[in-house]
Amino acid sequence: MNNKNYESVFDIKGQYKYINPTKLNIDEIDKIIATQNSSDSIRIRLINNSNFKVNYSLNDKELIITTTDLANNSNTQNTTTTTKKAINKTIVIDAGHGGDDVGAVGPNKRYEKVVNLNVSKYLASILKQRGYKVYLTRDKDKFIKVMDRTILANEKNADLFLSIHTNAVPKEKANQISGIETFFLSPARSERAKRVAALENKSDIREMSASSKDVFLESLNRPRITASHKFAIDVQAGLLQAARTKYKDTKDSGVREGPFWVLVGAQMPSILIELGYISHPEESRRLYEKSYQELLANGIANGIDSYFSKNP
């Protein structure tokens, strides 16, 4: 019995900060391993238990690999992007709160606005590496009115809008409640959704009665709400998968609907992400870790990729 593996190796000059969490696959190839081989070289290894032939071409910063299984002579082609490849999609990222509006405050004066901005900036960098066009509503510690945050998304004709936040509960419950959840705009169906929305809506200057808000939300574009729901599901899955590579006990708090005013003006699918509870002693510590912030950003990016793979 022959247990020999066949391998083909590509060494490509350049740096790609997020190569390690990036997953590549080609049909008929058992395993692809991509690593930052040195400070100025990326290595891609194709490993298979049957012999195969590789052809490749470089085209406008894009590596195209074609493989032939020599056992049955079948051709498989896949494109793997090793440097920047233009994708005709625009994403607007909103880092919640900022400036005098610090958002929720956790133990040891951990501020929500800090986590939101750091993850948003990491996400912007990852998405640009993957070829998306990306805009941030804020790239430093400043306050922006809630109603102004979607103006940028509409002006840029964005394909997706996402607002990044961290959650909180009162001190008496802080030790008990943790987890990641993703919301899409809709009339609130639960007291929990209403509570979270009330927390995030505090900085909005619009005054409407509860009944007026419900009437307004019910009039929203239903196809856009449906698309936002799908977007939320993909991002929640990406976040959980990424977070659990480091912390297996990360809680899935689900995909929920809620009346978040930061999403109201968006003319494209939009979601609000709660990265975790800054009020929870352990989760807030994690949320302040640079490596965890980068993991969460990568998870969101994977969710965006997943959404567009099903909704091109």
# chains A, B, ... in the order shown; residues from 1 in each chain; ligands from 1
>>> residues_around(residues="stretch 140-154 of chain A", least_positions_apart="4", cutoff="8 Å", atoms="only C-alpha atoms", output="list in words")
Ile91, Val92, Asp94, His97, Gly98, Gly99, Asp100, Asp101, Lys113, Val114, Leu117, Ala158, Leu160, Phe161, Ser203, Asp204, Ile205, Trp261, Val262, Leu263, Gly265, Ala266, Gln267 and Met268 of chain A
>>> write_last_selection(atoms="N, CA, C and O atoms", output="tab-separated table (two decimals), in the first residue's frame")
chain	number	residue	atom	x	y	z
A	91	ILE	N	-17.96	48.09	1.15
A	91	ILE	CA	-18.41	47.85	2.52
A	91	ILE	C	-18.18	49.12	3.33
A	91	ILE	O	-17.10	49.71	3.27
A	92	VAL	N	-19.17	49.52	4.11
A	92	VAL	CA	-18.99	50.63	5.06
A	92	VAL	C	-19.08	50.06	6.47
A	92	VAL	O	-20.04	49.37	6.82
A	94	ASP	N	-18.99	50.84	10.53
A	94	ASP	CA	-19.27	51.87	11.53
A	94	ASP	C	-18.81	51.39	12.90
A	94	ASP	O	-19.35	50.43	13.45
A	97	HIS	N	-20.24	54.42	18.77
A	97	HIS	CA	-19.88	55.39	19.81
A	97	HIS	C	-18.62	56.16	19.40
A	97	HIS	O	-18.33	56.30	18.23
A	98	GLY	N	-17.86	56.69	20.37
A	98	GLY	CA	-16.67	57.48	20.06
A	98	GLY	C	-16.70	58.85	20.70
A	98	GLY	O	-17.77	59.41	20.98
A	99	GLY	N	-15.52	59.40	20.94
A	99	GLY	CA	-15.41	60.71	21.57
A	99	GLY	C	-15.99	60.69	22.98
A	99	GLY	O	-15.71	59.81	23.78
A	100	ASP	N	-16.82	61.69	23.28
A	100	ASP	CA	-17.44	61.78	24.61
A	100	ASP	C	-18.41	60.64	24.87
A	100	ASP	O	-18.71	60.33	26.03
A	101	ASP	N	-18.92	60.04	23.81
A	101	ASP	CA	-19.84	58.89	23.94
A	101	ASP	C	-18.99	57.62	23.99
A	101	ASP	O	-18.63	57.06	22.96
A	113	LYS	N	-16.09	51.96	23.20
A	113	LYS	CA	-15.66	52.69	21.99
A	113	LYS	C	-14.28	52.25	21.51
A	113	LYS	O	-14.01	52.26	20.31
A	114	VAL	N	-13.41	51.84	22.43
A	114	VAL	CA	-12.05	51.41	22.09
A	114	VAL	C	-12.08	50.09	21.33
A	114	VAL	O	-11.44	49.94	20.28
A	117	LEU	N	-13.64	50.49	17.75
A	117	LEU	CA	-12.75	51.12	16.76
A	117	LEU	C	-11.62	50.19	16.35
A	117	LEU	O	-11.31	50.06	15.16
A	158	ALA	N	-22.83	51.79	-1.00
A	158	ALA	CA	-22.27	50.57	-0.43
A	158	ALA	C	-23.17	49.36	-0.66
A	158	ALA	O	-24.39	49.48	-0.76
A	160	LEU	N	-22.93	46.73	1.55
A	160	LEU	CA	-23.25	46.30	2.90
A	160	LEU	C	-22.85	47.38	3.90
A	160	LEU	O	-21.87	48.10	3.68
A	161	PHE	N	-23.61	47.48	4.99
A	161	PHE	CA	-23.28	48.39	6.09
A	161	PHE	C	-23.31	47.58	7.38
A	161	PHE	O	-24.24	46.81	7.62
A	203	SER	N	-27.63	57.58	22.05
A	203	SER	CA	-26.97	58.76	21.49
A	203	SER	C	-27.71	59.33	20.28
A	203	SER	O	-27.26	60.30	19.68
A	204	ASP	N	-28.84	58.73	19.92
A	204	ASP	CA	-29.62	59.24	18.78
A	204	ASP	C	-30.50	60.38	19.25
A	204	ASP	O	-31.15	60.30	20.29
A	205	ILE	N	-30.52	61.47	18.49
A	205	ILE	CA	-31.27	62.65	18.92
A	205	ILE	C	-32.72	62.65	18.45
A	205	ILE	O	-33.50	63.51	18.82
A	261	TRP	N	-31.52	52.36	15.57
A	261	TRP	CA	-31.67	53.53	14.72
A	261	TRP	C	-30.47	53.80	13.84
A	261	TRP	O	-30.58	54.44	12.80
A	262	VAL	N	-29.30	53.29	14.22
A	262	VAL	CA	-28.13	53.49	13.35
A	262	VAL	C	-28.31	52.78	12.02
A	262	VAL	O	-27.70	53.13	11.02
A	263	LEU	N	-29.18	51.76	11.96
A	263	LEU	CA	-29.40	51.00	10.73
A	263	LEU	C	-30.55	51.56	9.88
A	263	LEU	O	-30.69	51.18	8.72
A	265	GLY	N	-31.30	54.38	8.35
A	265	GLY	CA	-31.10	55.11	7.10
A	265	GLY	C	-30.42	54.34	6.00
A	265	GLY	O	-30.35	54.82	4.87
A	266	ALA	N	-29.90	53.15	6.30
A	266	ALA	CA	-29.13	52.40	5.29
A	266	ALA	C	-30.02	51.90	4.17
A	266	ALA	O	-31.07	51.30	4.41
A	267	GLN	N	-29.57	52.12	2.94
A	267	GLN	CA	-30.34	51.69	1.77
A	267	GLN	C	-29.85	50.34	1.23
A	267	GLN	O	-30.17	49.96	0.11
A	268	MET	N	-29.07	49.65	2.05
A	268	MET	CA	-28.50	48.35	1.67
A	268	MET	C	-28.62	47.41	2.86
A	268	MET	O	-28.94	47.85	3.97
>>> residues_around(residues="A:Ser284", least_positions_apart="2", cutoff="10 Å", atoms="only C-alpha atoms", output="ChimeraX atom specification")
/A:105-108,110-112,115,166-168,178,275-282,286-289
>>> write_last_selection(atoms="N, CA, C and O atoms", output="tab-separated table (two decimals), in the first residue's frame")
chain	number	residue	atom	x	y	z
A	105	VAL	N	-19.21	50.64	29.67
A	105	VAL	CA	-17.94	50.61	30.40
A	105	VAL	C	-17.86	49.32	31.21
A	105	VAL	O	-18.77	48.99	31.97
A	106	GLY	N	-16.75	48.60	31.04
A	106	GLY	CA	-16.56	47.34	31.75
A	106	GLY	C	-15.60	47.49	32.90
A	106	GLY	O	-15.16	48.60	33.23
A	107	PRO	N	-15.24	46.37	33.54
A	107	PRO	CA	-14.28	46.40	34.64
A	107	PRO	C	-12.96	47.04	34.20
A	107	PRO	O	-12.57	46.96	33.04
A	108	ASN	N	-12.27	47.66	35.17
A	108	ASN	CA	-10.97	48.30	34.92
A	108	ASN	C	-11.05	49.38	33.84
A	108	ASN	O	-10.12	49.59	33.07
A	110	ARG	N	-12.64	49.59	31.03
A	110	ARG	CA	-12.56	49.16	29.63
A	110	ARG	C	-13.74	49.77	28.89
A	110	ARG	O	-14.89	49.53	29.24
A	111	TYR	N	-13.44	50.55	27.85
A	111	TYR	CA	-14.48	51.30	27.14
A	111	TYR	C	-14.90	50.58	25.86
A	111	TYR	O	-14.05	50.14	25.07
A	112	GLU	N	-16.20	50.54	25.65
A	112	GLU	CA	-16.74	49.94	24.43
A	112	GLU	C	-16.18	50.62	23.18
A	112	GLU	O	-15.82	49.96	22.21
A	115	VAL	N	-12.84	49.12	21.86
A	115	VAL	CA	-12.95	47.81	21.20
A	115	VAL	C	-13.57	47.98	19.81
A	115	VAL	O	-13.08	47.42	18.82
A	166	THR	N	-20.09	46.57	21.40
A	166	THR	CA	-19.98	45.54	22.43
A	166	THR	C	-21.11	45.77	23.43
A	166	THR	O	-21.54	46.89	23.66
A	167	ASN	N	-21.58	44.69	24.02
A	167	ASN	CA	-22.79	44.69	24.83
A	167	ASN	C	-22.49	44.92	26.30
A	167	ASN	O	-21.33	44.88	26.73
A	168	ALA	N	-23.53	45.11	27.10
A	168	ALA	CA	-23.37	45.27	28.55
A	168	ALA	C	-24.69	45.01	29.26
A	168	ALA	O	-25.76	45.17	28.68
A	178	SER	N	-22.74	36.56	28.92
A	178	SER	CA	-21.67	36.78	27.95
A	178	SER	C	-22.15	36.28	26.59
A	178	SER	O	-23.23	35.70	26.48
A	275	LEU	N	-20.03	42.28	19.81
A	275	LEU	CA	-18.87	41.40	19.83
A	275	LEU	C	-18.74	40.59	21.11
A	275	LEU	O	-17.96	39.62	21.16
A	276	GLY	N	-19.46	40.96	22.12
A	276	GLY	CA	-19.38	40.30	23.42
A	276	GLY	C	-19.82	41.29	24.48
A	276	GLY	O	-20.21	42.42	24.17
A	277	TYR	N	-19.76	40.87	25.74
A	277	TYR	CA	-20.21	41.72	26.85
A	277	TYR	C	-19.01	42.32	27.56
A	277	TYR	O	-18.26	41.64	28.24
A	278	ILE	N	-18.85	43.63	27.40
A	278	ILE	CA	-17.74	44.31	28.07
A	278	ILE	C	-17.98	44.38	29.57
A	278	ILE	O	-17.07	44.65	30.35
A	279	SER	N	-19.21	44.11	29.98
A	279	SER	CA	-19.54	44.09	31.40
A	279	SER	C	-19.10	42.79	32.07
A	279	SER	O	-18.97	42.72	33.30
A	280	HIS	N	-18.87	41.73	31.28
A	280	HIS	CA	-18.47	40.44	31.83
A	280	HIS	C	-16.96	40.45	32.12
A	280	HIS	O	-16.17	40.76	31.22
A	281	PRO	N	-16.54	40.13	33.34
A	281	PRO	CA	-15.12	40.26	33.70
A	281	PRO	C	-14.16	39.56	32.74
A	281	PRO	O	-13.17	40.16	32.30
A	282	GLU	N	-14.43	38.31	32.37
A	282	GLU	CA	-13.52	37.57	31.50
A	282	GLU	C	-13.67	37.98	30.04
A	282	GLU	O	-12.68	38.18	29.33
A	286	ARG	N	-10.87	39.61	27.31
A	286	ARG	CA	-10.60	39.09	25.98
A	286	ARG	C	-10.78	40.17	24.92
A	286	ARG	O	-9.99	40.28	23.98
A	287	LEU	N	-11.85	40.94	25.04
A	287	LEU	CA	-12.17	41.96	24.05
A	287	LEU	C	-11.09	43.03	23.94
A	287	LEU	O	-11.00	43.72	22.92
A	288	TYR	N	-10.28	43.18	24.98
A	288	TYR	CA	-9.20	44.16	24.95
A	288	TYR	C	-7.89	43.57	24.42
A	288	TYR	O	-6.91	44.28	24.28
A	289	GLU	N	-7.88	42.27	24.13
A	289	GLU	CA	-6.68	41.63	23.57
A	289	GLU	C	-6.57	41.91	22.08
A	289	GLU	O	-7.52	41.68	21.32
>>> closest_residue(among="A:Val255, A:Ile273, A:Val9, A:Leu239", to="A:Arg43", atoms="only C-alpha atoms")
A:Val9
>>> atom_distance(atom1="atom CA of A:Tyr6", atom2="atom CA of A:Asn48")
5.2 Å
